[in-house]
$ cat protein-v4.cif   # mmCIF, C-alpha atoms and all ligand atoms
data_data
loop_
_atom_site.label_atom_id
_atom_site.label_comp_id
_atom_site.auth_asym_id
_atom_site.auth_seq_id
_atom_site.Cartn_x
_atom_site.Cartn_y
_atom_site.Cartn_z
CA MET A 1 -59.00 -59.74 1.80
CA VAL A 2 -55.52 -58.93 3.07
CA ALA A 3 -52.69 -60.55 1.17
CA LYS A 4 -50.17 -62.94 2.57
CA ILE A 5 -46.77 -61.27 2.32
CA ILE A 6 -44.25 -63.54 0.59
CA ASP A 7 -41.03 -63.33 2.56
CA GLY A 8 -38.31 -63.50 -0.08
CA ARG A 9 -35.56 -63.22 2.53
CA GLN A 10 -36.78 -66.33 4.30
CA VAL A 11 -37.20 -68.35 1.07
CA ALA A 12 -33.76 -67.19 -0.10
CA ALA A 13 -32.23 -68.21 3.24
CA SER A 14 -33.63 -71.73 2.95
CA ILE A 15 -32.37 -72.07 -0.65
CA ARG A 16 -28.94 -70.81 0.47
CA GLN A 17 -28.89 -73.52 3.12
CA GLU A 18 -29.56 -76.07 0.35
CA CYS A 19 -26.71 -74.43 -1.60
CA ARG A 20 -24.28 -74.95 1.30
CA GLU A 21 -25.25 -78.59 1.46
CA ARG A 22 -24.82 -79.08 -2.30
CA VAL A 23 -21.39 -77.41 -2.21
CA GLU A 24 -20.33 -79.71 0.63
CA VAL A 25 -21.57 -82.87 -1.13
CA LEU A 26 -19.77 -81.82 -4.32
CA ARG A 27 -16.55 -81.14 -2.45
CA GLN A 28 -16.65 -84.42 -0.57
CA ARG A 29 -17.49 -86.55 -3.61
CA THR A 30 -15.27 -84.91 -6.21
CA GLY A 31 -12.98 -82.39 -4.51
CA VAL A 32 -14.47 -79.70 -6.74
CA VAL A 33 -15.24 -76.26 -5.24
CA PRO A 34 -17.67 -74.20 -7.37
CA GLY A 35 -16.09 -71.01 -8.71
CA LEU A 36 -17.74 -67.84 -10.01
CA ALA A 37 -15.91 -65.08 -11.90
CA VAL A 38 -17.53 -61.67 -11.55
CA VAL A 39 -16.38 -59.08 -14.08
CA LEU A 40 -16.89 -55.43 -13.24
CA VAL A 41 -16.05 -52.82 -15.88
CA GLY A 42 -15.76 -49.20 -14.76
CA ASP A 43 -16.72 -47.60 -11.47
CA ASN A 44 -20.52 -47.37 -11.50
CA PRO A 45 -21.30 -47.36 -7.73
CA ALA A 46 -24.55 -49.35 -8.11
CA SER A 47 -22.73 -52.03 -10.13
CA ALA A 48 -19.92 -52.13 -7.55
CA LEU A 49 -22.51 -52.67 -4.83
CA TYR A 50 -24.22 -55.50 -6.74
CA VAL A 51 -20.85 -57.16 -7.36
CA ALA A 52 -19.91 -56.85 -3.67
CA ASN A 53 -23.24 -58.50 -2.72
CA LYS A 54 -22.66 -61.35 -5.16
CA VAL A 55 -19.11 -61.94 -3.93
CA ARG A 56 -20.29 -61.94 -0.31
CA ALA A 57 -23.16 -64.33 -1.08
CA CYS A 58 -20.71 -66.73 -2.77
CA GLY A 59 -18.54 -66.73 0.35
CA GLU A 60 -21.56 -67.50 2.55
CA VAL A 61 -22.33 -70.77 0.75
CA GLY A 62 -18.76 -71.89 0.00
CA ILE A 63 -18.48 -70.78 -3.66
CA ARG A 64 -15.04 -69.40 -4.54
CA SER A 65 -15.34 -66.03 -6.28
CA PHE A 66 -12.89 -64.45 -8.69
CA ARG A 67 -13.40 -60.70 -8.94
CA GLN A 68 -12.11 -59.03 -12.10
CA GLU A 69 -12.13 -55.23 -12.04
CA LEU A 70 -11.39 -53.54 -15.33
CA PRO A 71 -11.20 -49.83 -16.22
CA ALA A 72 -14.10 -48.15 -18.04
CA SER A 73 -11.65 -47.33 -20.85
CA ILE A 74 -11.13 -51.00 -21.74
CA ASP A 75 -12.00 -51.92 -25.36
CA THR A 76 -14.21 -54.81 -26.48
CA ALA A 77 -11.25 -56.90 -27.72
CA THR A 78 -9.42 -56.72 -24.38
CA LEU A 79 -12.58 -57.58 -22.50
CA LEU A 80 -13.11 -60.55 -24.84
CA ASP A 81 -9.54 -61.71 -24.03
CA THR A 82 -10.38 -61.61 -20.33
CA ILE A 83 -13.54 -63.65 -20.91
CA GLN A 84 -11.54 -66.18 -22.93
CA ARG A 85 -8.99 -66.56 -20.13
CA LEU A 86 -11.74 -67.08 -17.53
CA SER A 87 -13.52 -69.52 -19.85
CA ALA A 88 -10.42 -71.70 -20.07
CA ASP A 89 -9.94 -71.85 -16.29
CA PRO A 90 -11.33 -75.16 -14.92
CA ALA A 91 -11.68 -73.66 -11.41
CA ILE A 92 -14.32 -71.26 -12.80
CA HIS A 93 -17.79 -72.71 -13.39
CA GLY A 94 -19.68 -69.49 -13.90
CA ILE A 95 -18.82 -66.15 -15.52
CA LEU A 96 -20.91 -63.09 -14.87
CA VAL A 97 -20.34 -59.75 -16.55
CA GLN A 98 -22.02 -57.05 -14.50
CA LEU A 99 -24.32 -54.90 -16.65
CA PRO A 100 -24.58 -52.21 -17.83
CA LEU A 101 -21.28 -52.08 -19.72
CA PRO A 102 -19.89 -48.73 -20.91
CA PRO A 103 -21.63 -47.73 -24.17
CA HIS A 104 -18.53 -48.18 -26.37
CA ILE A 105 -18.40 -51.91 -25.54
CA ASP A 106 -20.24 -54.39 -27.76
CA MET A 107 -22.34 -56.01 -25.05
CA ARG A 108 -23.87 -58.65 -27.33
CA ARG A 109 -20.42 -59.89 -28.39
CA VAL A 110 -19.20 -59.96 -24.81
CA LEU A 111 -22.22 -61.94 -23.54
CA SER A 112 -21.94 -64.36 -26.46
CA ALA A 113 -18.26 -64.96 -25.67
CA ILE A 114 -19.18 -66.57 -22.36
CA PRO A 115 -19.33 -70.34 -22.96
CA VAL A 116 -22.90 -71.61 -22.66
CA GLU A 117 -21.90 -74.06 -19.92
CA LYS A 118 -20.55 -71.18 -17.79
CA ASP A 119 -23.32 -68.67 -18.60
CA VAL A 120 -24.85 -68.64 -15.11
CA ASP A 121 -26.68 -65.35 -15.76
CA GLY A 122 -28.47 -67.02 -18.69
CA PHE A 123 -27.91 -64.12 -21.12
CA HIS A 124 -26.10 -66.01 -23.91
CA LEU A 125 -28.26 -66.29 -27.03
CA TYR A 126 -28.19 -70.10 -26.74
CA ASN A 127 -29.69 -69.92 -23.26
CA VAL A 128 -32.18 -67.28 -24.40
CA GLY A 129 -33.22 -69.61 -27.24
CA GLY A 130 -33.46 -72.45 -24.75
CA LEU A 131 -36.12 -70.48 -22.90
CA VAL A 132 -38.24 -70.47 -26.03
CA VAL A 133 -38.06 -74.24 -26.60
CA GLY A 134 -38.07 -75.15 -22.90
CA ASN A 135 -34.64 -76.64 -22.16
CA THR A 136 -32.62 -73.78 -20.77
CA VAL A 137 -29.36 -74.72 -19.10
CA PHE A 138 -29.35 -71.67 -16.84
CA PRO A 139 -32.59 -69.71 -16.37
CA PRO A 140 -31.96 -65.98 -15.86
CA CYS A 141 -31.75 -65.32 -12.14
CA THR A 142 -34.59 -62.83 -11.49
CA PRO A 143 -37.39 -64.69 -13.31
CA TYR A 144 -36.01 -67.97 -11.95
CA GLY A 145 -36.28 -66.48 -8.47
CA VAL A 146 -39.90 -65.48 -9.11
CA CYS A 147 -40.73 -69.04 -10.24
CA ARG A 148 -39.14 -70.43 -7.08
CA LEU A 149 -41.15 -68.01 -4.90
CA LEU A 150 -44.40 -69.15 -6.57
CA GLU A 151 -43.34 -72.78 -6.18
CA HIS A 152 -42.44 -72.27 -2.52
CA GLU A 153 -45.86 -70.76 -1.77
CA GLY A 154 -47.60 -73.60 -3.63
CA ILE A 155 -49.14 -71.17 -6.10
CA PRO A 156 -50.15 -73.02 -9.27
CA VAL A 157 -49.27 -71.43 -12.59
CA GLU A 158 -50.77 -73.85 -15.08
CA ALA A 159 -53.90 -72.55 -16.85
CA ARG A 160 -53.83 -69.26 -14.95
CA ASN A 161 -53.91 -65.80 -16.48
CA VAL A 162 -50.52 -64.21 -15.97
CA VAL A 163 -49.78 -60.62 -16.89
CA VAL A 164 -46.15 -59.50 -17.00
CA VAL A 165 -45.68 -55.72 -16.94
CA GLY A 166 -42.26 -54.95 -18.46
CA ALA A 167 -40.65 -56.58 -21.47
CA SER A 168 -36.91 -56.25 -20.92
CA ASN A 169 -34.48 -58.94 -22.03
CA ILE A 170 -33.35 -59.67 -18.48
CA VAL A 171 -36.67 -59.72 -16.63
CA GLY A 172 -39.97 -59.31 -18.50
CA LYS A 173 -39.39 -61.42 -21.62
CA PRO A 174 -37.72 -64.41 -19.92
CA MET A 175 -40.34 -64.23 -17.16
CA ALA A 176 -43.13 -64.48 -19.71
CA LEU A 177 -41.43 -67.38 -21.52
CA MET A 178 -40.83 -69.33 -18.31
CA LEU A 179 -44.45 -68.94 -17.21
CA MET A 180 -45.72 -69.84 -20.70
CA GLN A 181 -43.57 -72.98 -20.51
CA ARG A 182 -45.43 -73.80 -17.31
CA GLU A 183 -48.68 -73.56 -19.30
CA ALA A 184 -49.97 -70.24 -18.03
CA THR A 185 -51.82 -67.92 -20.40
CA VAL A 186 -49.41 -65.01 -20.57
CA SER A 187 -49.86 -61.39 -21.64
CA ILE A 188 -46.91 -59.01 -21.79
CA CYS A 189 -47.34 -55.26 -21.31
CA HIS A 190 -44.75 -52.54 -21.78
CA ALA A 191 -44.38 -48.77 -21.94
CA LYS A 192 -46.34 -48.54 -25.22
CA THR A 193 -49.27 -50.66 -23.98
CA ARG A 194 -52.51 -48.71 -24.20
CA ASP A 195 -54.72 -48.84 -21.10
CA LEU A 196 -52.53 -51.03 -18.92
CA ALA A 197 -55.35 -51.60 -16.44
CA GLN A 198 -57.51 -53.50 -18.93
CA TYR A 199 -54.79 -56.19 -18.93
CA THR A 200 -53.70 -56.14 -15.30
CA ILE A 201 -57.28 -56.50 -14.02
CA LEU A 202 -57.49 -59.93 -15.73
CA ALA A 203 -54.39 -61.30 -14.02
CA ASP A 204 -54.56 -64.21 -11.59
CA ILE A 205 -50.82 -63.65 -11.25
CA LEU A 206 -49.42 -60.17 -11.91
CA VAL A 207 -45.65 -59.78 -12.26
CA VAL A 208 -44.49 -56.17 -12.42
CA ALA A 209 -41.00 -55.21 -13.62
CA ALA A 210 -41.23 -51.71 -15.08
CA GLY A 211 -39.13 -49.58 -12.74
CA LYS A 212 -41.99 -47.09 -12.10
CA PRO A 213 -43.10 -46.50 -8.50
CA ASN A 214 -46.87 -46.69 -7.89
CA LEU A 215 -47.53 -47.92 -11.43
CA ILE A 216 -49.94 -50.56 -10.14
CA LEU A 217 -52.84 -49.21 -8.08
CA PRO A 218 -55.51 -51.26 -6.26
CA GLN A 219 -58.18 -50.60 -8.92
CA MET A 220 -55.92 -52.27 -11.52
CA VAL A 221 -55.77 -55.55 -9.60
CA LYS A 222 -58.33 -58.35 -9.46
CA THR A 223 -59.47 -59.36 -5.97
CA GLY A 224 -57.45 -62.40 -4.90
CA ALA A 225 -54.64 -61.93 -7.43
CA VAL A 226 -51.05 -62.91 -6.70
CA VAL A 227 -48.87 -59.80 -7.10
CA ILE A 228 -45.12 -60.12 -7.60
CA ASP A 229 -43.28 -56.80 -7.54
CA VAL A 230 -39.85 -56.97 -9.19
CA GLY A 231 -39.34 -53.20 -9.39
CA ILE A 232 -36.64 -51.46 -7.38
CA ASN A 233 -36.94 -47.66 -7.26
CA ARG A 234 -35.13 -45.16 -5.09
CA LEU A 235 -37.66 -42.50 -4.06
CA PRO A 236 -36.75 -38.82 -3.55
CA ASN A 237 -36.85 -39.42 0.24
CA GLY A 238 -34.12 -42.05 -0.17
CA LYS A 239 -36.40 -45.03 0.50
CA ILE A 240 -36.57 -48.06 -1.78
CA ALA A 241 -39.97 -48.95 -3.29
CA GLY A 242 -41.28 -51.33 -5.89
CA ASP A 243 -43.68 -50.63 -8.77
CA VAL A 244 -46.82 -51.54 -6.82
CA ASP A 245 -48.80 -49.42 -4.34
CA PHE A 246 -48.02 -52.00 -1.67
CA GLU A 247 -50.39 -50.83 1.10
CA GLY A 248 -53.34 -50.37 -1.28
CA VAL A 249 -52.88 -53.53 -3.35
CA ARG A 250 -52.23 -55.59 -0.23
CA GLN A 251 -55.90 -55.09 0.74
CA LYS A 252 -57.06 -56.82 -2.47
CA ALA A 253 -54.46 -59.42 -3.39
CA SER A 254 -54.13 -62.95 -2.00
CA TYR A 255 -50.30 -62.85 -2.03
CA ILE A 256 -47.89 -59.97 -2.48
CA THR A 257 -44.11 -59.53 -2.42
CA PRO A 258 -42.67 -56.57 -0.51
CA VAL A 259 -39.88 -54.31 -1.76
CA PRO A 260 -37.32 -54.65 -0.31
CA GLY A 261 -37.39 -58.24 0.91
CA GLY A 262 -39.33 -59.94 -1.90
CA VAL A 263 -37.81 -60.79 -5.28
CA GLY A 264 -34.49 -58.99 -4.61
CA PRO A 265 -32.96 -61.56 -2.23
CA MET A 266 -33.95 -64.34 -4.66
CA THR A 267 -31.98 -62.93 -7.61
CA VAL A 268 -28.52 -63.35 -6.07
CA THR A 269 -29.58 -66.67 -4.57
CA MET A 270 -30.48 -68.08 -7.99
CA LEU A 271 -27.04 -67.01 -9.25
CA LEU A 272 -25.57 -69.21 -6.53
CA VAL A 273 -27.88 -72.07 -7.55
CA ASN A 274 -26.87 -71.75 -11.21
CA THR A 275 -23.16 -71.68 -10.31
CA ILE A 276 -23.44 -74.81 -8.19
CA THR A 277 -25.45 -76.54 -10.93
CA SER A 278 -22.69 -75.66 -13.39
CA ALA A 279 -20.00 -77.09 -11.11
CA GLU A 280 -22.05 -80.28 -10.59
CA ARG A 281 -22.45 -80.66 -14.35
CA ALA A 282 -18.72 -80.12 -14.91
CA ALA A 283 -17.94 -82.76 -12.28
CA GLY A 284 -20.41 -85.20 -13.84
CA LEU A 285 -22.75 -85.25 -10.83
CA PRO A 286 -26.52 -85.30 -11.33
CA THR A 287 -27.63 -81.74 -10.62
CA GLU A 288 -30.26 -81.14 -7.99
CA GLY A 289 -31.47 -78.18 -9.99
CA SER A 290 -31.83 -80.04 -13.27
CA SER A 291 -35.50 -80.90 -12.98
CA ARG A 292 -36.35 -77.38 -11.88
CA ASN A 293 -34.15 -75.84 -14.53
CA ALA A 294 -36.39 -77.06 -17.31
CA ALA A 295 -37.75 -73.62 -18.07
P1 LIG B 301 -35.86 -51.94 -18.16
O1 LIG B 301 -35.83 -50.47 -17.99
O2 LIG B 301 -34.85 -52.63 -19.00
O3 LIG B 301 -37.29 -52.37 -18.71
C1 LIG B 301 -38.47 -51.81 -18.20
C2 LIG B 301 -39.65 -52.38 -18.95
O4 LIG B 301 -40.81 -51.81 -18.37
C3 LIG B 301 -39.67 -52.01 -20.43
O5 LIG B 301 -40.13 -53.13 -21.18
C4 LIG B 301 -40.67 -50.88 -20.51
O6 LIG B 301 -41.34 -50.85 -21.76
C5 LIG B 301 -41.62 -51.23 -19.39
N1 LIG B 301 -42.31 -50.05 -18.83
C6 LIG B 301 -41.75 -48.87 -18.48
N2 LIG B 301 -42.71 -48.01 -18.09
C7 LIG B 301 -43.90 -48.66 -18.21
C8 LIG B 301 -45.25 -48.29 -17.98
N3 LIG B 301 -45.57 -47.06 -17.55
N4 LIG B 301 -46.19 -49.21 -18.21
C9 LIG B 301 -45.88 -50.45 -18.65
N5 LIG B 301 -44.62 -50.85 -18.89
C10 LIG B 301 -43.64 -49.96 -18.66
O7 LIG B 301 -35.83 -52.53 -16.68
P2 LIG B 301 -35.50 -54.00 -16.11
O8 LIG B 301 -34.04 -54.21 -16.11
O9 LIG B 301 -36.40 -55.01 -16.71
O10 LIG B 301 -35.94 -53.78 -14.59
C11 LIG B 301 -37.27 -53.43 -14.27
C12 LIG B 301 -37.34 -53.11 -12.80
O11 LIG B 301 -36.98 -54.26 -12.06
C13 LIG B 301 -36.39 -52.01 -12.35
O12 LIG B 301 -36.98 -51.30 -11.29
C14 LIG B 301 -35.18 -52.79 -11.84
O13 LIG B 301 -34.45 -52.08 -10.86
C15 LIG B 301 -35.88 -53.97 -11.23
N6 LIG B 301 -35.06 -55.19 -11.15
C16 LIG B 301 -35.11 -55.85 -9.99
C17 LIG B 301 -34.41 -57.01 -9.84
C18 LIG B 301 -34.52 -57.75 -8.55
O14 LIG B 301 -33.68 -58.58 -8.28
N7 LIG B 301 -35.56 -57.49 -7.76
C19 LIG B 301 -33.62 -57.49 -10.90
C20 LIG B 301 -33.61 -56.80 -12.10
C21 LIG B 301 -34.35 -55.64 -12.22
#
$ encode --input "protein-v4.cif" --output "structure tokens"
Amino acid sequence: MVAKIIDGRQVAASIRQECRERVEVLRQRTGVVPGLAVVLVGDNPASALYVANKVRACGEVGIRSFRQELPASIDTATLLDTIQRLSADPAIHGILVQLPLPPHIDMRRVLSAIPVEKDVDGFHLYNVGGLVVGNTVFPPCTPYGVCRLLEHEGIPVEARNVVVVGASNIVGKPMALMLMQREATVSICHAKTRDLAQYTILADILVVAAGKPNLILPQMVKTGAVVIDVGINRLPNGKIAGDVDFEGVRQKASYITPVPGGVGPMTVTMLLVNTITSAERAAGLPTEGSSRNAA
């Protein structure tokens, strides 16, 4: 068996086209233009690149972006003031604070200061709790993107064995909760899991988000499994690779996502979707995403 490669760029492009259409409908019906504030603290080059990508993606679909660059020396209280100002601005429907923040900043307080209705990254504790009970306002972008990829390929989740490798707050845990909500049987593995392969081999759907190149080898994967590689690793030769031995696992899986070009393009796209949904909600329009957003 040779896996079908899931083309995340193509799926993301079609969702971005839907985004453009939603923005246009919103503008015509209500005069509202969706707005996203992106807060960048310090001068981490990777963070600056992510922010630049997000700002560019907003422009491509007609979302107005508000870029806030703050020095690494800023204190928590001043950052909270900035969040409060952005929260009160009716032209802003989503607020994103690029992580990681400098270590002296109280990240939890900052994320909790973003009003739930503008928390398009889905990191506020209310939205995190919503994932547990199944009525999240804004699903976190990376796991949301994975769900949309599975949906796009017509891959059923209900009743299937799903193994999520990685248990971070932004990828692994919300991923597991969203798939459990869709009635999969979910196992979560992490760095302390003993004998990872005894779990991964049972997976009908294997989602890997550990940040370790070549963590998943062909002998760890069941024939016919769906393999979603969230990992992004820069190799010593400068190339980007995921967490899965792509060429080897491809010979066994039924579907596989490449890195780059798989989950990555979906993450920013789902941020756009969440921002538009937020603007639609603020304008009192029924949101196209609302049925899908039920985590
Ligand atoms: P993280 O470092 O916060 O968490 C990594 C998780 O993997 C932890 O739970 C850890 O216990 C687990 N882990 C580490 N080594 C392991 C091992 N040997 N076996 C099993 N589990 C192991 O990372 P994160 O923020 O969740 O990101 C994970 C990866 O996904 C990174 O490569 C990151 O760059 C990538 N990522 C990609 C996107 C995207 O859009 N494609 C978005 C976010 C993160």
$ atom_distance --input "protein-v4.cif" --atom1 "atom CA of Val244 of chain A" --atom2 "atom CA of Pro213 of chain A"
6.5 Å
$ residues_around --input "protein-v4.cif" --residues "Asp204 of chain A" --least-positions-apart "5" --cutoff "7 Å" --atoms "only C-alpha atoms" --output "number ranges by chain"
A: 160-162, 225-226
$ residues_near_ligand --input "protein-v4.cif" --ligand "ligand LIG 301 (chain B)" --cutoff "6 Å" --atoms "all atoms listed in the file" --output "PyMOL selection string"
chain A and resi 142+165-168+170-172+189-191+209-211+230-233+263-264+267
$ atom_distance --input "protein-v4.cif" --atom1 "atom CA of Ile74 of chain A" --atom2 "atom CA of Pro103 of chain A"
11.3 Å
$ atom_distance --input "protein-v4.cif" --atom1 "atom CA of Asp243 of chain A" --atom2 "atom CA of Leu217 of chain A"
9.3 Å
$ residues_around --input "protein-v4.cif" --residues "Arg182 of chain A" --least-positions-apart "4" --cutoff "10 Å" --atoms "only C-alpha atoms" --output "list in words"
Gly134, Cys147, Pro156, Val157, Glu158, Ala159, Arg160, Ala176, Leu177, Met178, Ala294 and Ala295 of chain A
$ closest_residue --input "protein-v4.cif" --among "A:Val164, A:Ile256, A:Val227, A:Val33" --to "Asp7 of chain A" --atoms "only C-alpha atoms"
A:Ile256
$ residues_near_point --input "protein-v4.cif" --point "(-49.7, -60.1, -14.6)" --cutoff "6 Å" --atoms "only C-alpha atoms" --output "VMD selection string"
chain A and resid 162 to 164 200 203 205 to 207
$ residues_around --input "protein-v4.cif" --residues "Arg56 of chain A" --least-positions-apart "5" --cutoff "12 Å" --atoms "only C-alpha atoms" --output "list in words"
Leu36, Val38, Leu49, Tyr50, Val51, Val61, Gly62, Ile63, Arg64, Ser65, Phe66, Arg67, Val268, Thr269 and Leu272 of chain A
$ closest_residue --input "protein-v4.cif" --among "A:Leu86, A:Val11, A:Leu99, A:Val221" --to "Asp43 of chain A" --atoms "only C-alpha atoms"
A:Leu99
$ residues_around --input "protein-v4.cif" --residues "Leu111 of chain A" --least-positions-apart "2" --cutoff "8 Å" --atoms "only C-alpha atoms" --output "MDAnalysis selection string"
chainID A and resid 97 107:109 113:114 123:124
$ closest_residue --input "protein-v4.cif" --among "A:Glu117, A:Leu149, A:Val128, A:His104" --to "Pro265 of chain A" --atoms "all atoms listed in the file"
A:Leu149
$ residues_around --input "protein-v4.cif" --residues "Glu24 of chain A" --least-positions-apart "4" --cutoff "12 Å" --atoms "all atoms listed in the file" --output "VMD selection string"
chain A and resid 17 to 20 28 to 34 61 to 63 276 280
$ closest_residue --input "protein-v4.cif" --among "A:Pro100, A:Pro174, A:Gly262, A:Gly284" --to "Gly129 of chain A" --atoms "all atoms listed in the file"
A:Pro174
$ closest_residue --input "protein-v4.cif" --among "A:Ser87, A:Thr82, A:Gln198, A:Thr275" --to "Ile216 of chain A" --atoms "all atoms listed in the file"
A:Gln198
$ closest_residue --input "protein-v4.cif" --among "A:Val186, A:Leu179, A:Ile155, A:Val23" --to "Pro139 of chain A" --atoms "all atoms listed in the file"
A:Leu179
